[in-house]
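Below is one structure, written out as structure tokens; comments come after it.
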Amino acid sequence: MTSRRLFHILPMALIFASAVAPMAHAAVPTPLDLLRFSFPGSLTTPSNAISAGFALSDRYVDDVANNPAAHIERGVIVSPQLIRVSRQDLSAANRDFDQRFASVDFAGATISVPVRRVDVTLFAWQPQLRAENESYTIGNKNLLNSPGHVTNDATLRELRGGIALGFGRGDVRFGVSGEFNHRDDDYQTLETSGSPQSGTREATLSGDAIGGGVGVTWAKHPELKHGWRLGAAMHMVGALDATGTSVATLLADTTKSNFNVTRDATWQAGASARWSLSTLSGVYASVGARSAEKWDTFALETKMASDWGLGIDYRDPETPYAFRAGIGQEVQPGAPEPRAATIGLGFSWYSGDTIFDIGLTHRTISRGDEPKSSDDRLVGSVRVKL
């Protein structure tokens with residue numbers, strides 16, 4: 001090869017390489033795509049039945065998992081949940097649609113004890129959790145020749161646990177927390193058809209990050225009519241480095257590849273307020289925001305998310321039960337499901353040092369111009385004073 005020909009070829013090769021490199025960098029492992037699943041982005045999960053009933057409008061003033069300055073009584077709280085996701089967008093576009101009715105999972109748990117003048121709380125919850133399973137014949141009823149049958153199975157799970165220290169003097173309390181975050185996702189699609197490309201495709205990813213939070217609460221006669229409590233907090237989660245595997249077991253062949261992906265550091269902040277209507281009843285209001293969620297290797301990014309909520313609770317001091325309700329909205333531009341409207345209902349039963357809570361959160365989820373889907377969380381909590 002002459003030096004003149006090399007002089008012409010090298011610039012063309014460099015241009016081609018610079019064009020191909022971003023394409024490879026942006027590769028999302030099969031079968032993870034924006035049409036089937038909700039990645040990236042996720043709705044915030046309530047950590048207990050009380051927050052579920054309030055549509056999360058209480059979380060920055062009463063929930064220690066969201067605000068380390070929140071005061072909770074000495075004791076233990078354990079909260080399981082029932083999750084049901086209904087994908088109406090897939091149901092409307094396909095035939096013979098079926099989906100898992102519900103799945104049982106963990107919402108949150110805390111154990112709190114005072115140590116001198118400091119409230120020490122160990123806590124764990126899942127701020128992001130999604131579990132769904134659907135099966136359907138591809139295409140609507142007007143499609144004569146079906147290309148096949150598909151089953152989707154997806155779990156998005158982010159577990160956060162740590163220790164919160166709350167302390168204060170007079171009407172003001174401060175709090176700090178140290179937290180460990182673990183992310184574990186699994187996305188699987190099974191296509192049954194006569195195509196050589198039919199078979200099973202699965203992508204998994206798992207990673208860890210360290211984070212922490214700071215918070216403050218301010219109360220003025222909250223136990224009296226027209227009293228109030230205010231709370232504000234901010235959490236930071238460091239960059240989450242995850243490893244993953246993509247496997248395709250098809251009629252034609254089997255392929256497997258490993259990948260590394262990093263979610264940039266994220267933050268979450270918000271404030272809640274409660275105004276007392278009577279000794280044991282009140283109204284709540286909250287606003288919050290979350291930073292953009294950026295996954296570098298996949299070249300996927302959502303925009304900053306925001307949320308608001310309103311809630312009310314009622315309890316007659318002569319009765320052993322209480323009721324609560326709430327509404328809210330969560331918006332996350334750039335996510336496959338960018339908007340969700342929330343309704344919450346809750347009930348509590350007081351029996352000595354034990355309290356039983358039930359909370360239902362129903363979300364109506366928008367996904368472009370497609371039919372709205374729904375996400376339901378039935379959360380139960382048992383609170384035991386120590």
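Residues in the structure tokens are named by chain (A, B, ... in the order shown) and by number from 1 within that chain; ligands are numbered from 1 in the order shown.
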For segment 115-117 of chain A, find every residue with an atom within 10 Å (counting only C-alpha atoms), except residues of its own chain fewer than 6 positions away, and show them as a PDB file with C-alpha atoms, in the first residue's frame.
```pdb
ATOM      1  CA  LEU A 165     -29.623   9.090  64.204  1.00  0.00           C
ATOM      2  CA  GLY A 166     -32.189  11.656  65.313  1.00  0.00           C
ATOM      3  CA  PHE A 167     -31.655  14.263  67.983  1.00  0.00           C
ATOM      4  CA  GLY A 168     -32.988  17.660  68.930  1.00  0.00           C
ATOM      5  CA  ARG A 169     -33.769  20.281  71.457  1.00  0.00           C
TER       6      ARG A 169
END
```
So that I can check the surroundings of segment 256-270 of chain A, please list as a PyMOL selection string every protein, DNA and RNA residue that reaches within 9 Å of it, counting only C-alpha atoms and ignoring chain neighbours fewer than 6 positions away. chain A and resi 29+59-60+66+205+207+209+231-249+286-298+307
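In this comparison, which uses only C-alpha atoms, the residue of A:Gly368, A:Gly161, A:Ser348, A:Pro196 approaching Ser381 of chain A most closely is A:Ser348.
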Could you list, as a PyMOL selection string, every residue within 6 Å of Ala93 of chain A, counting only C-alpha atoms and ignoring same-chain residues fewer than 2 positions away? chain A and resi 90-91+140
